[in-house]
file input-v7.pdb (PDB, C-alpha atoms, pLDDT in the B column)
ATOM      1  CA  MET A   1     250.237 126.053 -79.639  1.00 64.00           C
ATOM      2  CA  SER A   2     249.438 127.675 -76.336  1.00 79.00           C
ATOM      3  CA  LEU A   3     248.349 131.299 -76.229  1.00 86.00           C
ATOM      4  CA  LEU A   4     249.900 131.622 -72.794  1.00 90.00           C
ATOM      5  CA  GLY A   5     253.668 131.879 -72.561  1.00 90.00           C
ATOM      6  CA  GLU A   6     255.646 129.592 -70.260  1.00 92.00           C
ATOM      7  CA  LYS A   7     255.940 132.240 -67.546  1.00 93.00           C
ATOM      8  CA  GLU A   8     252.217 132.974 -67.688  1.00 92.00           C
ATOM      9  CA  GLN A   9     251.411 129.287 -67.439  1.00 94.00           C
ATOM     10  CA  VAL A  10     253.528 129.013 -64.299  1.00 96.00           C
ATOM     11  CA  ILE A  11     251.852 132.050 -62.731  1.00 95.00           C
ATOM     12  CA  VAL A  12     248.358 130.791 -63.542  1.00 96.00           C
ATOM     13  CA  SER A  13     249.186 127.280 -62.301  1.00 97.00           C
ATOM     14  CA  GLU A  14     250.378 128.759 -59.022  1.00 97.00           C
ATOM     15  CA  GLN A  15     247.195 130.772 -58.646  1.00 96.00           C
ATOM     16  CA  PHE A  16     245.103 127.713 -59.453  1.00 98.00           C
ATOM     17  CA  GLN A  17     246.691 125.911 -56.485  1.00 97.00           C
ATOM     18  CA  ARG A  18     244.336 128.056 -54.403  1.00 96.00           C
ATOM     19  CA  LEU A  19     241.213 126.699 -56.084  1.00 98.00           C
ATOM     20  CA  GLU A  20     238.723 125.008 -53.792  1.00 97.00           C
ATOM     21  CA  ASN A  21     235.485 123.957 -55.511  1.00 98.00           C
ATOM     22  CA  PRO A  22     235.566 122.875 -59.174  1.00 98.00           C
ATOM     23  CA  VAL A  23     234.912 125.703 -61.639  1.00 98.00           C
ATOM     24  CA  ARG A  24     232.953 125.327 -64.869  1.00 98.00           C
ATOM     25  CA  MET A  25     233.628 127.655 -67.778  1.00 98.00           C
ATOM     26  CA  ILE A  26     230.560 127.332 -69.992  1.00 98.00           C
ATOM     27  CA  HIS A  27     231.532 128.893 -73.273  1.00 98.00           C
ATOM     28  CA  PHE A  28     229.341 129.899 -76.214  1.00 98.00           C
ATOM     29  CA  THR A  29     231.036 130.399 -79.548  1.00 98.00           C
ATOM     30  CA  GLN A  30     230.303 130.234 -83.256  1.00 96.00           C
ATOM     31  CA  GLY A  31     232.238 129.623 -86.451  1.00 92.00           C
ATOM     32  CA  LEU A  32     231.118 132.556 -88.544  1.00 91.00           C
ATOM     33  CA  MET A  33     230.936 136.297 -88.013  1.00 92.00           C
ATOM     34  CA  CYS A  34     232.970 136.251 -84.818  1.00 94.00           C
ATOM     35  CA  ASP A  35     236.582 137.394 -85.172  1.00 94.00           C
ATOM     36  CA  THR A  36     237.613 136.760 -81.583  1.00 96.00           C
ATOM     37  CA  CYS A  37     235.793 133.440 -81.040  1.00 97.00           C
ATOM     38  CA  PRO A  38     238.672 131.110 -82.014  1.00 96.00           C
ATOM     39  CA  GLU A  39     241.245 132.936 -79.888  1.00 96.00           C
ATOM     40  CA  THR A  40     238.910 133.150 -76.905  1.00 97.00           C
ATOM     41  CA  GLN A  41     238.245 129.415 -77.019  1.00 97.00           C
ATOM     42  CA  ARG A  42     241.973 128.664 -77.241  1.00 96.00           C
ATOM     43  CA  LEU A  43     242.686 130.873 -74.246  1.00 96.00           C
ATOM     44  CA  LEU A  44     240.008 129.075 -72.207  1.00 97.00           C
ATOM     45  CA  GLU A  45     241.375 125.707 -73.333  1.00 97.00           C
ATOM     46  CA  ASP A  46     244.795 126.793 -72.091  1.00 96.00           C
ATOM     47  CA  LEU A  47     243.349 127.740 -68.705  1.00 97.00           C
ATOM     48  CA  ALA A  48     241.415 124.484 -68.372  1.00 97.00           C
ATOM     49  CA  SER A  49     244.598 122.529 -69.124  1.00 97.00           C
ATOM     50  CA  LEU A  50     246.321 124.062 -66.101  1.00 97.00           C
ATOM     51  CA  SER A  51     244.065 122.617 -63.386  1.00 97.00           C
ATOM     52  CA  ASP A  52     241.898 119.558 -62.908  1.00 97.00           C
ATOM     53  CA  LYS A  53     239.516 121.822 -61.038  1.00 98.00           C
ATOM     54  CA  VAL A  54     238.777 123.988 -64.085  1.00 98.00           C
ATOM     55  CA  THR A  55     236.677 122.524 -66.866  1.00 98.00           C
ATOM     56  CA  LEU A  56     235.635 124.030 -70.173  1.00 98.00           C
ATOM     57  CA  GLU A  57     232.330 123.243 -71.849  1.00 98.00           C
ATOM     58  CA  VAL A  58     232.055 124.600 -75.387  1.00 98.00           C
ATOM     59  CA  HIS A  59     228.680 125.196 -77.011  1.00 98.00           C
ATOM     60  CA  ASN A  60     227.770 126.334 -80.493  1.00 98.00           C
ATOM     61  CA  PHE A  61     225.735 129.490 -80.075  1.00 97.00           C
ATOM     62  CA  ALA A  62     224.157 129.200 -83.511  1.00 95.00           C
ATOM     63  CA  ILE A  63     222.877 125.669 -82.838  1.00 96.00           C
ATOM     64  CA  GLU A  64     222.306 125.594 -79.079  1.00 98.00           C
ATOM     65  CA  GLN A  65     220.140 128.674 -78.847  1.00 97.00           C
ATOM     66  CA  GLU A  66     217.857 127.219 -76.203  1.00 98.00           C
ATOM     67  CA  LEU A  67     220.797 126.550 -73.891  1.00 98.00           C
ATOM     68  CA  ALA A  68     222.175 130.021 -74.578  1.00 98.00           C
ATOM     69  CA  ALA A  69     218.814 131.495 -73.627  1.00 98.00           C
ATOM     70  CA  GLN A  70     218.801 129.483 -70.398  1.00 98.00           C
ATOM     71  CA  PHE A  71     222.085 131.140 -69.528  1.00 98.00           C
ATOM     72  CA  GLN A  72     220.754 134.493 -70.754  1.00 96.00           C
ATOM     73  CA  VAL A  73     223.554 134.684 -73.293  1.00 97.00           C
ATOM     74  CA  ALA A  74     222.666 136.762 -76.342  1.00 94.00           C
ATOM     75  CA  ARG A  75     226.019 137.322 -78.029  1.00 96.00           C
ATOM     76  CA  VAL A  76     229.356 135.629 -78.588  1.00 97.00           C
ATOM     77  CA  PRO A  77     231.970 134.919 -77.498  1.00 98.00           C
ATOM     78  CA  ALA A  78     230.380 134.488 -74.070  1.00 98.00           C
ATOM     79  CA  THR A  79     231.686 132.638 -71.045  1.00 98.00           C
ATOM     80  CA  VAL A  80     229.813 131.758 -67.877  1.00 98.00           C
ATOM     81  CA  ILE A  81     232.104 131.297 -64.867  1.00 98.00           C
ATOM     82  CA  GLN A  82     230.440 129.189 -62.203  1.00 98.00           C
ATOM     83  CA  THR A  83     230.737 126.287 -59.804  1.00 98.00           C
ATOM     84  CA  GLU A  84     227.708 124.025 -59.416  1.00 97.00           C
ATOM     85  CA  LYS A  85     226.051 127.332 -58.674  1.00 97.00           C
ATOM     86  CA  ASP A  86     225.535 130.034 -61.295  1.00 98.00           C
ATOM     87  CA  PHE A  87     226.498 133.333 -59.664  1.00 98.00           C
ATOM     88  CA  GLY A  88     225.386 135.347 -62.679  1.00 98.00           C
ATOM     89  CA  ILE A  89     228.896 136.098 -63.891  1.00 98.00           C
ATOM     90  CA  ARG A  90     229.321 136.458 -67.654  1.00 97.00           C
ATOM     91  CA  LEU A  91     232.288 137.492 -69.774  1.00 97.00           C
ATOM     92  CA  TYR A  92     231.704 138.762 -73.273  1.00 97.00           C
ATOM     93  CA  GLY A  93     234.607 138.969 -75.676  1.00 96.00           C
ATOM     94  CA  LEU A  94     238.252 137.997 -75.511  1.00 96.00           C
ATOM     95  CA  PRO A  95     239.670 138.762 -72.066  1.00 92.00           C
ATOM     96  CA  SER A  96     243.110 140.178 -72.766  1.00 88.00           C
ATOM     97  CA  GLY A  97     245.505 142.279 -70.698  1.00 84.00           C
ATOM     98  CA  TYR A  98     243.990 143.525 -67.459  1.00 85.00           C
ATOM     99  CA  GLU A  99     240.757 141.664 -68.148  1.00 88.00           C
ATOM    100  CA  PHE A 100     242.656 138.393 -68.253  1.00 92.00           C
ATOM    101  CA  ALA A 101     243.623 139.113 -64.646  1.00 91.00           C
ATOM    102  CA  SER A 102     239.961 139.808 -63.919  1.00 91.00           C
ATOM    103  CA  LEU A 103     239.029 136.451 -65.421  1.00 94.00           C
ATOM    104  CA  LEU A 104     241.535 134.683 -63.167  1.00 95.00           C
ATOM    105  CA  HIS A 105     240.146 136.561 -60.192  1.00 94.00           C
ATOM    106  CA  ALA A 106     236.600 135.501 -61.128  1.00 95.00           C
ATOM    107  CA  ILE A 107     237.660 131.843 -61.378  1.00 97.00           C
ATOM    108  CA  LEU A 108     239.349 131.969 -57.976  1.00 96.00           C
ATOM    109  CA  ALA A 109     236.516 133.901 -56.325  1.00 96.00           C
ATOM    110  CA  VAL A 110     233.716 131.608 -57.530  1.00 97.00           C
ATOM    111  CA  SER A 111     235.800 128.575 -56.591  1.00 98.00           C
ATOM    112  CA  ARG A 112     236.015 129.854 -53.042  1.00 96.00           C
ATOM    113  CA  SER A 113     232.449 131.238 -53.206  1.00 94.00           C
ATOM    114  CA  ALA A 114     233.772 134.021 -51.046  1.00 91.00           C
ATOM    115  CA  THR A 115     234.742 137.636 -51.570  1.00 94.00           C
ATOM    116  CA  GLU A 116     237.193 140.109 -50.088  1.00 93.00           C
ATOM    117  CA  LEU A 117     234.532 142.776 -49.636  1.00 97.00           C
ATOM    118  CA  SER A 118     234.443 144.717 -46.373  1.00 98.00           C
ATOM    119  CA  GLU A 119     231.875 143.833 -43.730  1.00 98.00           C
ATOM    120  CA  GLU A 120     230.289 147.234 -44.338  1.00 98.00           C
ATOM    121  CA  SER A 121     229.816 146.464 -48.041  1.00 98.00           C
ATOM    122  CA  LYS A 122     228.435 143.014 -47.275  1.00 98.00           C
ATOM    123  CA  THR A 123     225.906 144.526 -44.865  1.00 97.00           C
ATOM    124  CA  LEU A 124     224.799 147.119 -47.422  1.00 98.00           C
ATOM    125  CA  LEU A 125     224.475 144.502 -50.153  1.00 98.00           C
ATOM    126  CA  ARG A 126     222.080 142.409 -48.065  1.00 97.00           C
ATOM    127  CA  SER A 127     219.489 145.103 -48.768  1.00 96.00           C
ATOM    128  CA  VAL A 128     219.447 144.108 -52.468  1.00 97.00           C
ATOM    129  CA  THR A 129     216.376 141.901 -52.939  1.00 97.00           C
ATOM    130  CA  THR A 130     215.461 142.617 -56.561  1.00 97.00           C
ATOM    131  CA  PRO A 131     217.278 141.535 -59.742  1.00 97.00           C
ATOM    132  CA  THR A 132     220.196 143.889 -60.301  1.00 98.00           C
ATOM    133  CA  HIS A 133     222.234 143.707 -63.470  1.00 98.00           C
ATOM    134  CA  ILE A 134     225.700 145.254 -63.566  1.00 98.00           C
ATOM    135  CA  GLN A 135     227.455 145.670 -66.916  1.00 98.00           C
ATOM    136  CA  VAL A 136     231.082 146.783 -66.998  1.00 97.00           C
ATOM    137  CA  PHE A 137     232.288 147.878 -70.411  1.00 97.00           C
ATOM    138  CA  VAL A 138     236.010 147.671 -71.010  1.00 95.00           C
ATOM    139  CA  THR A 139     238.381 147.756 -73.955  1.00 91.00           C
ATOM    140  CA  PRO A 140     241.529 145.688 -74.574  1.00 82.00           C
ATOM    141  CA  THR A 141     244.470 146.940 -72.533  1.00 72.00           C
TER
ATOM    142  CA  MET B   1     235.745 144.641 -62.778  1.00 78.00           C
ATOM    143  CA  LYS B   2     236.733 142.527 -59.814  1.00 90.00           C
ATOM    144  CA  LEU B   3     234.243 144.401 -57.664  1.00 95.00           C
ATOM    145  CA  ALA B   4     231.385 143.640 -60.044  1.00 97.00           C
ATOM    146  CA  TYR B   5     232.158 139.921 -59.807  1.00 96.00           C
ATOM    147  CA  GLU B   6     232.434 140.076 -56.054  1.00 96.00           C
ATOM    148  CA  LEU B   7     229.034 141.724 -55.755  1.00 98.00           C
ATOM    149  CA  ALA B   8     227.527 138.924 -57.872  1.00 98.00           C
ATOM    150  CA  ILE B   9     229.102 136.306 -55.623  1.00 97.00           C
ATOM    151  CA  GLU B  10     227.947 138.110 -52.500  1.00 97.00           C
ATOM    152  CA  ASN B  11     224.296 138.533 -53.482  1.00 98.00           C
ATOM    153  CA  ASP B  12     222.187 136.114 -55.539  1.00 97.00           C
ATOM    154  CA  TYR B  13     220.079 138.940 -56.979  1.00 98.00           C
ATOM    155  CA  ILE B  14     223.123 140.614 -58.537  1.00 98.00           C
ATOM    156  CA  THR B  15     224.460 139.533 -61.933  1.00 98.00           C
ATOM    157  CA  SER B  16     227.610 140.944 -63.513  1.00 98.00           C
ATOM    158  CA  ASP B  17     228.734 141.083 -67.123  1.00 97.00           C
ATOM    159  CA  MET B  18     232.214 142.049 -68.211  1.00 96.00           C
ATOM    160  CA  VAL B  19     232.012 143.200 -71.809  1.00 96.00           C
ATOM    161  CA  GLU B  20     234.967 143.777 -74.140  1.00 95.00           C
ATOM    162  CA  VAL B  21     232.909 146.438 -75.778  1.00 95.00           C
ATOM    163  CA  SER B  22     235.127 147.042 -78.801  1.00 94.00           C
ATOM    164  CA  GLU B  23     233.781 143.720 -80.112  1.00 94.00           C
ATOM    165  CA  TYR B  24     230.175 144.877 -79.897  1.00 95.00           C
ATOM    166  CA  PRO B  25     229.649 148.208 -81.696  1.00 95.00           C
ATOM    167  CA  ASP B  26     225.897 148.011 -81.028  1.00 96.00           C
ATOM    168  CA  LEU B  27     226.571 148.199 -77.288  1.00 96.00           C
ATOM    169  CA  ILE B  28     228.964 151.141 -77.725  1.00 96.00           C
ATOM    170  CA  ARG B  29     226.111 152.988 -79.403  1.00 96.00           C
ATOM    171  CA  LYS B  30     223.359 151.822 -77.043  1.00 97.00           C
ATOM    172  CA  TYR B  31     225.263 152.754 -73.882  1.00 97.00           C
ATOM    173  CA  GLN B  32     227.208 155.637 -75.436  1.00 96.00           C
ATOM    174  CA  VAL B  33     230.508 154.234 -74.245  1.00 96.00           C
ATOM    175  CA  ARG B  34     233.183 156.906 -74.699  1.00 93.00           C
ATOM    176  CA  GLY B  35     235.398 156.139 -71.716  1.00 93.00           C
ATOM    177  CA  VAL B  36     236.186 152.889 -69.937  1.00 94.00           C
ATOM    178  CA  PRO B  37     235.647 151.200 -67.646  1.00 95.00           C
ATOM    179  CA  LYS B  38     232.028 152.261 -67.914  1.00 97.00           C
ATOM    180  CA  THR B  39     229.597 150.620 -65.500  1.00 98.00           C
ATOM    181  CA  VAL B  40     225.835 150.505 -66.070  1.00 98.00           C
ATOM    182  CA  VAL B  41     223.438 149.290 -63.380  1.00 98.00           C
ATOM    183  CA  ASN B  42     219.944 148.159 -64.422  1.00 97.00           C
ATOM    184  CA  ASP B  43     220.218 150.422 -67.456  1.00 96.00           C
ATOM    185  CA  THR B  44     219.545 153.393 -65.166  1.00 96.00           C
ATOM    186  CA  VAL B  45     222.679 154.326 -63.225  1.00 97.00           C
ATOM    187  CA  GLU B  46     226.010 154.700 -64.973  1.00 97.00           C
ATOM    188  CA  PHE B  47     229.487 155.900 -64.149  1.00 97.00           C
ATOM    189  CA  VAL B  48     232.900 155.945 -65.800  1.00 97.00           C
ATOM    190  CA  GLY B  49     236.164 155.028 -64.125  1.00 96.00           C
ATOM    191  CA  ALA B  50     237.359 152.539 -61.545  1.00 94.00           C
ATOM    192  CA  LEU B  51     235.860 153.459 -58.158  1.00 96.00           C
ATOM    193  CA  PRO B  52     236.982 152.410 -54.673  1.00 97.00           C
ATOM    194  CA  GLU B  53     234.839 149.655 -53.157  1.00 98.00           C
ATOM    195  CA  ALA B  54     232.605 151.819 -50.944  1.00 98.00           C
ATOM    196  CA  GLU B  55     231.783 154.198 -53.802  1.00 98.00           C
ATOM    197  CA  PHE B  56     231.217 151.346 -56.241  1.00 98.00           C
ATOM    198  CA  VAL B  57     228.750 149.691 -53.862  1.00 98.00           C
ATOM    199  CA  ALA B  58     226.998 153.020 -53.279  1.00 98.00           C
ATOM    200  CA  GLN B  59     226.584 153.583 -57.025  1.00 97.00           C
ATOM    201  CA  VAL B  60     225.231 150.072 -57.544  1.00 98.00           C
ATOM    202  CA  LEU B  61     222.727 150.559 -54.714  1.00 98.00           C
ATOM    203  CA  ARG B  62     221.477 153.723 -56.465  1.00 97.00           C
ATOM    204  CA  GLY B  63     220.477 151.540 -59.397  1.00 97.00           C
ATOM    205  CA  VAL B  64     218.668 148.887 -57.379  1.00 96.00           C
ATOM    206  CA  ILE B  65     214.919 148.768 -57.938  1.00 93.00           C
ATOM    207  CA  PRO B  66     213.012 148.835 -54.630  1.00 90.00           C
ATOM    208  CA  ALA B  67     211.204 145.584 -53.750  1.00 88.00           C
ATOM    209  CA  GLY B  68     207.627 145.630 -55.017  1.00 85.00           C
ATOM    210  CA  LEU B  69     208.434 147.909 -57.954  1.00 84.00           C
ATOM    211  CA  GLU B  70     210.591 145.527 -59.976  1.00 79.00           C
ATOM    212  CA  ASN B  71     207.796 144.317 -62.265  1.00 70.00           C
ATOM    213  CA  ARG B  72     206.273 147.701 -63.034  1.00 63.00           C
TER
END
call {"tool": "encode", "arguments": {"input": "input-v7.pdb", "output": "structure tokens"}}
result
Amino acid sequence: MSLLGEKEQVIVSEQFQRLENPVRMIHFTQGLMCDTCPETQRLLEDLASLSDKVTLEVHNFAIEQELAAQFQVARVPATVIQTEKDFGIRLYGLPSGYEFASLLHAILAVSRSATELSEESKTLLRSVTTPTHIQVFVTPT
Amino acid sequence: MKLAYELAIENDYITSDMVEVSEYPDLIRKYQVRGVPKTVVNDTVEFVGALPEAEFVAQVLRGVIPAGLENR
């Protein structure tokens, strides 16, 4: 059974019409000690089913630790949203409510490899030449 | 959250995590998360609340380590 309702599926499908480059969702999960892992995987499966341009790759965090380390993933559920290029975008946990919208935005934005930032912001951001890690902590809405 | 992703797309040095923190009590303790959204940059700069783009970028830039000092 789909986690997304019929209306949601239509909305997401419409948004996915705007996808350009293929998007890979590289997902790390595990069977034990992770309450939200099954639901998160199902949600991602639902999304991947709505566009040929969105693929889901599921990895077992407990077994594939080397791969997880390559992606700098240290906890589950974790999802890397990327094209052929890894932009350094990671989601931890089940994206529900407002964060589901953020996930859709991330998929669309990486697919286009373009942002809606102002020219002023883009100019300022060019000054960043050292690794900079942003963490945004949210709760289910 | 959208802004954090956009910054990561815009600049290859920037990485962005979105964390449903209620699933990770250790992170709630480590980063003393009492209000959300809470943003932490390089474990040094932090702020609570959704900021407009210009302010968000300014806060992130405060947390950037100057070139040459990043390995110290």
call {"tool": "interface_residues", "arguments": {"input": "input-v7.pdb", "of": "chain A", "to": "chain B", "cutoff": "6 Å", "atoms": "only C-alpha atoms", "output": "JSON, numbers by chain"}}
result
{"A": [87, 88, 89, 90, 91, 92, 93, 102, 115, 130, 131, 132, 133, 134, 135, 136, 137, 138, 139]}
call {"tool": "resolve_selection", "arguments": {"input": "input-v7.pdb", "expression": "the PyMOL selection byres ((chain A and resi 26-29) around 12)", "output": "ChimeraX atom specification"}}
result
/A:23-25,30-45,48,54-84,86,89-94
call {"tool": "atom_distance", "arguments": {"input": "input-v7.pdb", "atom1": "CA of Phe100 (chain A)", "atom2": "CA of Lys53 (chain A)"}}
result
18.3 Å
call {"tool": "atom_distance", "arguments": {"input": "input-v7.pdb", "atom1": "CA of Asp52 (chain A)", "atom2": "CA of Phe16 (chain A)"}}
result
9.4 Å
call {"tool": "atom_distance", "arguments": {"input": "input-v7.pdb", "atom1": "CA of Ser13 (chain A)", "atom2": "CA of Ala106 (chain A)"}}
result
15.1 Å
call {"tool": "resolve_selection", "arguments": {"input": "input-v7.pdb", "expression": "the PyMOL selection byres ((chain A and resi 101) around 12)", "output": "PyMOL selection string"}}
result
(chain A and resi 8+11-12+15+95-100+102-108+141) or (chain B and resi 1-2)
call {"tool": "residues_around", "arguments": {"input": "input-v7.pdb", "residues": "Ser111 (chain A)", "least_positions_apart": "6", "cutoff": "6 Å", "atoms": "all atoms listed in the file", "output": "PyMOL selection string"}}
result
chain A and resi 19-21+23
